[in-house]
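Worksheet: the structure to be examined is printed underneath.
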Amino acid sequence: MYTAAPGAQVFGYVLILLAGVACVAGLLWAFRLGYQVRRREPAPPRPDEQPRMPPTGPVHEIREMREPDEVPRAADDSERLTPYQVGNVRSRRADDQRRPRWSPGSSGSFGGGGGGRT
């Protein structure tokens, strides 16, 4: 009635079963590791620890026109400044606060292919 499976076929089934057990064991290990890492993290902030609006009200964006400060020059014309000697190029508030607009008749972009000023 029953026939025994050949040895190679049984070996294949056992190999698949062991691979499945290894995958499940790896998933369980990863879950446990993630759970331990999560327990070491600080708890989320409570409602009383949430950020509050300042007493002066909401902070708004300030839009202003800026212009760069002068770049330092070398003492001698044959000398050049290196980047660490120049430092950060700072900017200051511009005297003219009008926003620059596109000139009428210009293309609006560099190399835009428009006719430009005529």
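Each chain of the structure tokens is named A, B, ... in the order shown, its residues numbered from 1; ligands are numbered from 1 in display order.
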For Val71 (chain A), work out the shell of residues within 9 Å, counting only C-alpha atoms and skipping chain neighbours fewer than 2 positions away, then give it as number ranges by chain. A: 68-69, 73, 86, 89-90
With C-alpha atoms retained, export the selected residues as a PDB file, in the first residue's frame.
```
ATOM      1  CA  PRO A  68      27.194  90.993   0.799  1.00  0.00           C
ATOM      2  CA  ASP A  69      29.900  92.689   2.817  1.00  0.00           C
ATOM      3  CA  ARG A  73      41.714  92.025  -0.109  1.00  0.00           C
ATOM      4  CA  VAL A  86      38.721  84.997   3.786  1.00  0.00           C
ATOM      5  CA  VAL A  89      31.390  86.132   3.684  1.00  0.00           C
ATOM      6  CA  ARG A  90      28.795  87.925   5.738  1.00  0.00           C
TER       7      ARG A  90
END
```
Just to confirm, what's the straight-line distance from CA of Cys23 (chain A) to CA of Gln9 (chain A) in Å (one decimal)? 21.4 Å
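Residue-level DSSP output for region 37-102 of chain A, from the backbone, shows strand (DSSP E) at Arg66, Glu67, Pro68, Ser91, Arg92 and Arg93 of chain A.
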CA of Leu28 (chain A) and CA of Glu41 (chain A), how far apart in Å?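 Between CA of Glu41 (chain A) and CA of Leu28 (chain A) the gap is 20.4 Å.
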Using Å and a single decimal, report how far CA of Gly87 (chain A) sits from CA of Glu70 (chain A).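 Calculated distance between CA of Glu70 (chain A) and CA of Gly87 (chain A) is 11.9 Å.
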Non-local contacts of Arg66 (chain A) (8 Å; only C-alpha atoms; under 4 positions in same chain excluded) as a PyMOL selection string: chain A and resi 91-94
